[in-house]
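S.K.: The structure under discussion is supplied below as structure tokens; questions concerning it will follow.
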Amino acid sequence: MLGTPAVAMADPVADLLRRVLPHGSDARRFEWRVEPAGESDAAIGQGSAETFTLSCDGRRVRVSGTTTIAVTTGINWYLQHYAGIDISWNSPTAVLPDSLPPCAAETHTASVPWRYYLNFCTHSYSMAFWGWDRWQQELDWMALHGVNMPLAIVGMESVWREVLMHDYGYRGLDAVNRFVTGSAYYGWFFMNNLTAWGGPQPRSWYRQREALARRIFRRMKAFGMQPVVPGYVGMVPRDFLAEAAPTKVAAWKPEDIVDGGVWCSFTRPAFVDNTARLQEFATRYYAAFERLYGDVCDTRFYAIDPFHEGGVPAGVGDAQASVRAMWQALTAYDPAAVWVAQHWQDNPKPLLTHAIPRGRLIILDLHGDNNADTECSGHHTTVEGEAHDWVWGQVSNFGGNVGLFGRMNRLIHCFYAARDGAAANHLVGIGALPEGIENNPVLYDLLYALPWTTTDYTQTTWLRDYVRMRYGLRPDGSDTAQRCAYDTLLAAWKRLAATVYNCPNDQQQGTTESVLLMRPSLTPGAVSSWASSTWNWDFGELRAALREFLSVAEVMTMSGAGRHTAAEDNYRCDLVELTRQVLADYGKQLLEEIAAAKAGSESVVGSAAVSEMPSAQELAERFLNLILDQDRLLGTRVELRLGRWTAMARALGRTTAERDLYERNARMILTTWGNRAQCEAGGLHDYANREWQGLLRAYYYPRWRAFFEAGCTPLPWFDRFEWPFATDLREIFSPEPVGDEITIARELYHKYL
């Protein structure tokens, strides 16, 4: 996009500080300035090296940077590394200590120009129902963490409404809605995987999201972020020629459009298999984007994955010619455009990478930590064999599943190795590309710190810094209790880093899912179809870490100098997450005991040993109680309540019908994903499982109780439990947290462990 002028925030840094540090005069204790570097060395698709310098004399923090994002990153560096404040999803605001920890002037330069953020799926699994307040919080988080290249897809459905109705004469919104999906499914709609499901969207939705998109783009522009927006991927509605005005498609022929096939039992859009018609539609698509957002969006980056997962549709005559047509249309609209493609599975294929010049394509490597990548895969080259630019990335979360998971050591070493070889491998960025967020914040703090380090982190040095910043503890201070708490929590984090944050299974996609969420079986396994869950850690180590966490509760909740509301909330949040993980591990052991007791009772009935052991029925009741207790634990945290998710969805509706539509989307995406075909044959059931309060009690528990009552035999889960939950909205779930995290965590530790 050409970046036409727009009204910007008067001072985006000042406004950010007032939101993040809203107490008293805290925000005014920072001084900053932006001192732009020369841009003569900035090539297309590249950014100038960004630098920030910070210092503190005990009264004022002074930060200067070459860009606004460099300044906000410097502010966060001080908050984390000196003030002991970690602005996180669960703690978006903080209070500065009365006496600011001093620091001598230090300068940090980004080792890569781009810090990418988000996945198409994130917008559906985590962000589908956000309003401006939540988006504003996330944009502040991005700015503080140095993100300057976020994926932005909010409001892009309005571009499709505009091009179909304005440019091709669709007669009304009903016809558009036979193509555009519902609110929770845009991630896959824009990736050319499915259409229509989850709708039809009311007219108010388009107006609302268009207005929200404009606010998001304005804020990104004020911060100096370059959003990645969906480019045209060659798709059209299957009924396009029937719905478009005849005069608008007079040059089109039926054979210009081919069947897009299926994806996980969903119908994919049709594909334009005529390069002239493809360029025509693309031109109008970009014109529609310009009309809607051209005055507020400033970018050169366009996400285009025409053959993602579904592959090249059968019937496409020359896929590479189609890619060239997309490229020609894009560069006709924006001569400086940079194509952004996802490296996922075997995409992008040479038919795409060989069609785009070097320096005009950036590949997002989603496999970075899985495959221990230090360079992009060999087939991602130009036709001459030269490597394209790429971003080292980690996905880390699939479906928004809840669980402790990561490959921390690999993240550190592989990024640094890729950085050191950047001249040859053309690394230009680092990125977090999770399918769901608001989990495992340690990975994100680490990832976005790596490009700015003056001394390379090791896992050991990172954990020392993280415990200090996350919990506001000073190991070198005069407070003995704080020093002991720091040592104890550091010991706990070392256990976590050696176990759940050190996944050795390259094939495992995200967290090891909790057996409490499984479609019932006596054999512990994955909850969703592609999870390949493995329990590759010592359960005793996590229990020891939990004991250590619980032992410092009094220190972490006492008020006084050096204590911050953010630090205490971070502790409470992490305590609940760790307790949840330990109880989920225990659930796996308990399920194995149930299976053994059931098998043993059938083979050695009447023996003295068996009579002293709990029966399978007693163990099953204990398992069911565990689910309800886990539900109660998670209910202490607002971010772990189903009611928060459904309340956000309902808040977007103006009428009861609209509110119900959005809540059905919210429930469906977490449970059945689609209807029977997608849930069963498509393998999507429980893909986005969440160990959340409300879901445990109302969705997972009834399946397990019915299973045990039926003698541990499978039942028709979809018909009896899953589809009814997704579509029956009689129960409203509360977003309000209930109970004290520490009290309940202690109670459950003693009850089960």
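To be explicit about the labels: the chains of the structure tokens are called A, B, and onward in the order shown, and within each one the residues are counted from 1, while ligands get numbers from 1 in the order they are shown.
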Using the chain letters and numbers from this document, which residues of range 233-286 of chain A does DSSP assign to helix (DSSP H, G or I), as number ranges by chain?
M.R.: A: 240-243, 246-249, 254-256, 275-286
S.K.: Just want the 6 Å neighbourhood of range 348-358 of chain A, counted on only C-alpha atoms, with same-chain residues fewer than 4 positions away dropped. Output as a list in words.
M.R.: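 With the cut-off at 6 Å, the set is Gln320, His343, His380, Thr381, Thr382, Val383 and His388 of chain A.
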S.K.: Limited to C-alpha atoms, could you put the picked residues into a file as a PDB file, in the first residue's frame?
M.R.:
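In the end it all went to out12.pdb:
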```
ATOM      1  CA  GLN A 320       3.294 -20.876 -11.768  1.00  0.00           C
ATOM      2  CA  HIS A 343       6.958 -22.053   5.153  1.00  0.00           C
ATOM      3  CA  HIS A 380      13.065 -21.845  -0.959  1.00  0.00           C
ATOM      4  CA  THR A 381      15.312 -20.225  -3.535  1.00  0.00           C
ATOM      5  CA  THR A 382      15.054 -18.103  -6.627  1.00  0.00           C
ATOM      6  CA  VAL A 383      15.141 -19.826  -9.995  1.00  0.00           C
ATOM      7  CA  HIS A 388      15.229 -15.828  -0.400  1.00  0.00           C
TER       8      HIS A 388
END
```
S.K.: Counting only C-alpha atoms, figure out which residue out of A:Glu290, A:Ala681, A:Gly234, A:Gln80 gets nearest to Ser158 in chain A.
M.R.: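 Looking only at the distances to Ser158 in chain A, the closest residue turns out to be A:Glu290.
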S.K.: From the options A:Gly58, A:Gly674, A:Gly683, A:Gly431, which residue's atoms come nearest to Thr195 in chain A, counting only C-alpha atoms?
M.R.: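 Between A:Gly58, A:Gly674, A:Gly683, A:Gly431, the residue approaching Thr195 in chain A most closely is A:Gly674.
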S.K.: Residues near Glu309 in chain A, anyone? I mean within 9 Å using only C-alpha atoms, not counting same-chain ones fewer than 5 positions away, as a list of chain:residue names.
M.R.: A:Met191, A:Asn193, A:Trp263, A:Trp344, A:Gln345, A:Asp346, A:Asn347
S.K.: Mind giving me the straight-line distance from CA of Leu361 in chain A to CA of Trp390 in chain A in Å, one decimal?
M.R.: 8.1 Å
S.K.: Can you measure CA of Thr672 in chain A to CA of Tyr125 in chain A for me? One decimal in Å is fine.
M.R.: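 Pair CA of Thr672 in chain A / CA of Tyr125 in chain A returns 13.5 Å.
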S.K.: Using only C-alpha atoms, which of A:Asp174, A:Asp167, A:Glu736, A:Glu592 sits nearest Phe281 in chain A?
M.R.: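 Counting only C-alpha atoms, the residue closest to Phe281 in chain A is A:Asp167.
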S.K.: List the spatial neighbours of Ala94 in chain A as a VMD selection string - criterion: any atom at most 8 Å away, only C-alpha atoms, same-chain residues fewer than 3 positions off excluded.
M.R.: chain A and resid 20 to 23 85 87 91 564 to 566
S.K.: Suppose you want the space between CA of Arg468 in chain A and CA of Ala485 in chain A; what is it in Å?
M.R.: 10.3 Å
S.K.: With a distance cut-off of 12 Å and only C-alpha atoms, select the neighbouring residues of Val13 in chain A, excluding the residue or stretch itself and same-chain residues fewer than 6 positions from it, and output the selection as a PyMOL selection string.
M.R.: chain A and resi 19-21+27-28+30-34+63-65+67-76+139-140+143-144+219+222-224
S.K.: Please identify all polymer residues within 9 Å of range 497-503 of chain A, counting only C-alpha atoms, omitting same-chain residues fewer than 6 positions from it, and present them as a list of chain:residue names.
M.R.: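 The neighbour list is A:Leu404, A:Phe405, A:Gly406, A:Arg407, A:Met408, A:Asn409, A:Arg410, A:Gln459, A:Leu463, A:Thr511, A:Thr512, A:Trp535, A:Asn536, A:Trp537, A:Asp538, A:Phe539, A:Glu541, A:Leu542.
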S.K.: Save out the residues we just selected, N, CA, C and O atoms, as a compact mmCIF listing (two decimals), in the first residue's frame.
M.R.:
```txt
# COMPACT_ATOMS: atom_id res chain seq x y z
N LEU A 404 1.87 -26.10 29.49
CA LEU A 404 3.26 -25.65 29.51
C LEU A 404 4.02 -26.39 28.42
O LEU A 404 4.01 -27.62 28.38
N PHE A 405 4.70 -25.64 27.56
CA PHE A 405 5.37 -26.28 26.43
C PHE A 405 6.37 -25.32 25.81
O PHE A 405 6.14 -24.11 25.74
N GLY A 406 7.47 -25.87 25.33
CA GLY A 406 8.42 -25.08 24.57
C GLY A 406 9.69 -25.84 24.29
O GLY A 406 9.89 -26.97 24.78
N ARG A 407 10.54 -25.20 23.49
CA ARG A 407 11.89 -25.73 23.20
C ARG A 407 12.86 -24.56 23.42
O ARG A 407 13.43 -24.01 22.48
N MET A 408 13.03 -24.20 24.67
CA MET A 408 13.71 -22.96 25.03
C MET A 408 15.16 -22.92 24.57
O MET A 408 15.62 -21.95 23.96
N ASN A 409 15.89 -23.99 24.85
CA ASN A 409 17.29 -24.02 24.46
C ASN A 409 17.44 -23.93 22.95
O ASN A 409 18.33 -23.24 22.43
N ARG A 410 16.59 -24.65 22.25
CA ARG A 410 16.66 -24.66 20.79
C ARG A 410 16.34 -23.27 20.23
O ARG A 410 16.98 -22.82 19.27
N GLN A 459 20.42 -20.40 28.25
CA GLN A 459 19.21 -20.69 29.01
C GLN A 459 19.39 -20.28 30.47
O GLN A 459 18.47 -19.74 31.10
N LEU A 463 17.05 -17.41 32.35
CA LEU A 463 16.21 -17.71 33.50
C LEU A 463 16.52 -16.79 34.67
O LEU A 463 15.61 -16.36 35.40
N THR A 511 1.65 -28.16 23.01
CA THR A 511 1.62 -28.78 24.32
C THR A 511 1.14 -30.23 24.28
O THR A 511 0.39 -30.63 23.40
N THR A 512 1.60 -30.99 25.28
CA THR A 512 1.03 -32.31 25.52
C THR A 512 -0.35 -32.10 26.13
O THR A 512 -0.47 -31.53 27.22
N TRP A 535 4.39 -37.59 26.91
CA TRP A 535 4.75 -37.15 28.26
C TRP A 535 6.23 -37.46 28.43
O TRP A 535 6.62 -38.54 28.87
N ASN A 536 7.06 -36.49 28.07
CA ASN A 536 8.49 -36.75 27.99
C ASN A 536 9.26 -36.11 29.15
O ASN A 536 10.42 -35.76 29.00
N TRP A 537 8.58 -35.90 30.28
CA TRP A 537 9.26 -35.30 31.41
C TRP A 537 8.96 -36.10 32.69
O TRP A 537 8.03 -36.89 32.75
N ASP A 538 9.75 -35.84 33.68
CA ASP A 538 9.60 -36.48 34.98
C ASP A 538 8.52 -35.73 35.77
O ASP A 538 8.69 -34.57 36.13
N PHE A 539 7.40 -36.41 36.03
CA PHE A 539 6.30 -35.76 36.74
C PHE A 539 6.76 -35.27 38.12
O PHE A 539 6.27 -34.26 38.63
N GLU A 541 9.54 -33.92 38.92
CA GLU A 541 10.21 -32.63 38.82
C GLU A 541 9.20 -31.49 38.81
O GLU A 541 9.43 -30.44 39.41
N LEU A 542 8.08 -31.67 38.12
CA LEU A 542 7.06 -30.61 38.11
C LEU A 542 6.39 -30.48 39.46
O LEU A 542 6.05 -29.37 39.90
```
S.K.: Point out the residue among A:Arg115, A:Arg268, A:Lys253, A:Arg720 with the least atom-to-atom distance to Pro702 in chain A, counting only C-alpha atoms.
M.R.: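 Nearest candidate to Pro702 in chain A out of A:Arg115, A:Arg268, A:Lys253, A:Arg720: A:Arg720.
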S.K.: Find, counting only C-alpha atoms, the residue in A:Leu661, A:Ile669, A:Ala710, A:Cys56 that gets nearest to Pro101 in chain A.
M.R.: A:Cys56
